[in-house]
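Note sheet for the following structure.
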Amino acid sequence: MDDADRAQILIDKRLERSLNEVLSHPHEAPLDDEGGNRICVECELIIPVKRLEAVPHAVRCVRCQEVIEGQR
């Protein structure tokens with residue numbers, strides 16, 4: 001392994017850490033439809049009331065949130 005390989009590994013680790021930080025603090029504003037339903041920022045489906053009761057600040061449905069968390 002040469003210096004370029006080590007540098008690339010370091011860059012990749014820092015990028016991954018930065019991405020994880022961004023993903024752990026969603027900055028998306030909640031989307032609401034005309035009927036007052038919260039809309040998932042990923043799939044644009046209505047977020048169920050039970051999800052919002054459990055996580056009032058949720059901006060993603062359970063399925064999309066699990067996908068995001070699985071990428072970490």
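Naming works like this for the structure tokens: A, B, ... for the chains as they're shown, residue 1 at the start of each chain, ligands 1 onward in shown order.
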
Considering only C-alpha atoms, return as a PyMOL selection string whatever protein or nucleic-acid residues lie within 8 Å of Leu31 of chain A, sequence-local ones (same chain, fewer than 6 positions apart) excluded.
chain A and resi 38-41+59

DSSP says alpha helix (DSSP H) for which residues of chain A? Put them as a PyMOL selection string?
chain A and resi 3-24+49-54+62-70

If you keep N, CA and C atoms, can you produce a file of those selected residues as a JSON list (two decimals), in the first residue's frame?
```json
[["chain", "number", "residue", "atom", "x", "y", "z"],
["A", 3, "ASP", "N", 1.41, 5.70, -0.43],
["A", 3, "ASP", "CA", 0.86, 6.90, 0.19],
["A", 3, "ASP", "C", -0.49, 7.29, -0.41],
["A", 4, "ALA", "N", -0.64, 7.11, -1.70],
["A", 4, "ALA", "CA", -1.90, 7.45, -2.36],
["A", 4, "ALA", "C", -3.04, 6.58, -1.85],
["A", 5, "ASP", "N", -2.78, 5.30, -1.65],
["A", 5, "ASP", "CA", -3.80, 4.39, -1.11],
["A", 5, "ASP", "C", -4.19, 4.80, 0.30],
["A", 6, "ARG", "N", -3.20, 5.10, 1.13],
["A", 6, "ARG", "CA", -3.48, 5.52, 2.51],
["A", 6, "ARG", "C", -4.27, 6.83, 2.53],
["A", 7, "ALA", "N", -3.91, 7.75, 1.65],
["A", 7, "ALA", "CA", -4.63, 9.02, 1.57],
["A", 7, "ALA", "C", -6.08, 8.79, 1.15],
["A", 8, "GLN", "N", -6.29, 7.90, 0.19],
["A", 8, "GLN", "CA", -7.65, 7.62, -0.26],
["A", 8, "GLN", "C", -8.48, 7.00, 0.85],
["A", 9, "ILE", "N", -7.89, 6.10, 1.62],
["A", 9, "ILE", "CA", -8.60, 5.49, 2.75],
["A", 9, "ILE", "C", -9.00, 6.55, 3.76],
["A", 10, "LEU", "N", -8.09, 7.47, 4.06],
["A", 10, "LEU", "CA", -8.38, 8.55, 4.99],
["A", 10, "LEU", "C", -9.50, 9.45, 4.46],
["A", 11, "ILE", "N", -9.45, 9.78, 3.20],
["A", 11, "ILE", "CA", -10.50, 10.60, 2.59],
["A", 11, "ILE", "C", -11.84, 9.89, 2.66],
["A", 12, "ASP", "N", -11.86, 8.60, 2.33],
["A", 12, "ASP", "CA", -13.10, 7.82, 2.37],
["A", 12, "ASP", "C", -13.68, 7.78, 3.78],
["A", 13, "LYS", "N", -12.84, 7.59, 4.79],
["A", 13, "LYS", "CA", -13.31, 7.55, 6.18],
["A", 13, "LYS", "C", -13.89, 8.89, 6.59],
["A", 14, "ARG", "N", -13.23, 9.97, 6.22],
["A", 14, "ARG", "CA", -13.73, 11.31, 6.58],
["A", 14, "ARG", "C", -15.03, 11.61, 5.87],
["A", 15, "LEU", "N", -15.14, 11.21, 4.62],
["A", 15, "LEU", "CA", -16.38, 11.41, 3.88],
["A", 15, "LEU", "C", -17.52, 10.63, 4.51],
["A", 16, "GLU", "N", -17.25, 9.38, 4.86],
["A", 16, "GLU", "CA", -18.28, 8.56, 5.50],
["A", 16, "GLU", "C", -18.72, 9.17, 6.81],
["A", 17, "ARG", "N", -17.79, 9.64, 7.61],
["A", 17, "ARG", "CA", -18.11, 10.27, 8.89],
["A", 17, "ARG", "C", -18.97, 11.52, 8.67],
["A", 18, "SER", "N", -18.61, 12.32, 7.68],
["A", 18, "SER", "CA", -19.38, 13.53, 7.38],
["A", 18, "SER", "C", -20.79, 13.20, 6.92],
["A", 19, "LEU", "N", -20.91, 12.20, 6.06],
["A", 19, "LEU", "CA", -22.23, 11.78, 5.60],
["A", 19, "LEU", "C", -23.08, 11.27, 6.74],
["A", 20, "ASN", "N", -22.49, 10.48, 7.63],
["A", 20, "ASN", "CA", -23.22, 9.97, 8.79],
["A", 20, "ASN", "C", -23.71, 11.11, 9.67],
["A", 21, "GLU", "N", -22.90, 12.12, 9.84],
["A", 21, "GLU", "CA", -23.29, 13.27, 10.64],
["A", 21, "GLU", "C", -24.48, 13.99, 10.02],
["A", 22, "VAL", "N", -24.43, 14.20, 8.73],
["A", 22, "VAL", "CA", -25.53, 14.87, 8.05],
["A", 22, "VAL", "C", -26.81, 14.03, 8.14],
["A", 23, "LEU", "N", -26.69, 12.74, 7.94],
["A", 23, "LEU", "CA", -27.86, 11.87, 7.97],
["A", 23, "LEU", "C", -28.45, 11.72, 9.36],
["A", 24, "SER", "N", -27.63, 11.87, 10.38],
["A", 24, "SER", "CA", -28.14, 11.70, 11.74],
["A", 24, "SER", "C", -28.90, 12.93, 12.23],
["A", 49, "VAL", "N", -50.34, 8.37, 11.08],
["A", 49, "VAL", "CA", -50.52, 9.08, 12.34],
["A", 49, "VAL", "C", -49.78, 8.39, 13.48],
["A", 50, "LYS", "N", -49.79, 7.05, 13.51],
["A", 50, "LYS", "CA", -49.09, 6.33, 14.58],
["A", 50, "LYS", "C", -47.60, 6.65, 14.58],
["A", 51, "ARG", "N", -47.02, 6.78, 13.41],
["A", 51, "ARG", "CA", -45.60, 7.14, 13.30],
["A", 51, "ARG", "C", -45.38, 8.54, 13.88],
["A", 52, "LEU", "N", -46.26, 9.47, 13.54],
["A", 52, "LEU", "CA", -46.11, 10.84, 14.02],
["A", 52, "LEU", "C", -46.38, 10.96, 15.52],
["A", 53, "GLU", "N", -47.24, 10.08, 16.04],
["A", 53, "GLU", "CA", -47.46, 10.07, 17.49],
["A", 53, "GLU", "C", -46.19, 9.60, 18.20],
["A", 54, "ALA", "N", -45.52, 8.62, 17.60],
["A", 54, "ALA", "CA", -44.29, 8.08, 18.19],
["A", 54, "ALA", "C", -43.11, 9.03, 17.99],
["A", 62, "VAL", "N", -41.61, 5.12, 8.11],
["A", 62, "VAL", "CA", -40.76, 4.11, 8.75],
["A", 62, "VAL", "C", -39.87, 3.42, 7.71],
["A", 63, "ARG", "N", -40.46, 3.03, 6.59],
["A", 63, "ARG", "CA", -39.69, 2.30, 5.57],
["A", 63, "ARG", "C", -38.51, 3.13, 5.06],
["A", 64, "CYS", "N", -38.75, 4.37, 4.73],
["A", 64, "CYS", "CA", -37.67, 5.22, 4.21],
["A", 64, "CYS", "C", -36.63, 5.52, 5.29],
["A", 65, "GLN", "N", -37.07, 5.71, 6.53],
["A", 65, "GLN", "CA", -36.12, 5.95, 7.61],
["A", 65, "GLN", "C", -35.23, 4.74, 7.82],
["A", 66, "GLU", "N", -35.80, 3.54, 7.74],
["A", 66, "GLU", "CA", -35.00, 2.33, 7.88],
["A", 66, "GLU", "C", -33.96, 2.22, 6.77],
["A", 67, "VAL", "N", -34.33, 2.61, 5.56],
["A", 67, "VAL", "CA", -33.38, 2.58, 4.44],
["A", 67, "VAL", "C", -32.23, 3.55, 4.72],
["A", 68, "ILE", "N", -32.56, 4.76, 5.16],
["A", 68, "ILE", "CA", -31.53, 5.76, 5.47],
["A", 68, "ILE", "C", -30.61, 5.25, 6.57],
["A", 69, "GLU", "N", -31.18, 4.69, 7.62],
["A", 69, "GLU", "CA", -30.36, 4.19, 8.73],
["A", 69, "GLU", "C", -29.53, 2.99, 8.31],
["A", 70, "GLY", "N", -30.01, 2.21, 7.38],
["A", 70, "GLY", "CA", -29.26, 1.06, 6.88],
["A", 70, "GLY", "C", -28.04, 1.44, 6.07]]
```

Quote the spacing between atom CA of Glu44 of chain A and atom CA of Arg60 of chain A in Å to one decimal place.
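These two atoms are separated by 8.7 Å.
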
Computed interatomic separation between atom CA of Asp2 of chain A and atom CA of Gln71 of chain A (Å)
29.0 Å

Atom-to-atom span, atom CA of Ala29 of chain A and atom CA of Glu42 of chain A, Å:
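Between atom CA of Ala29 of chain A and atom CA of Glu42 of chain A the gap works out to 12.1 Å.
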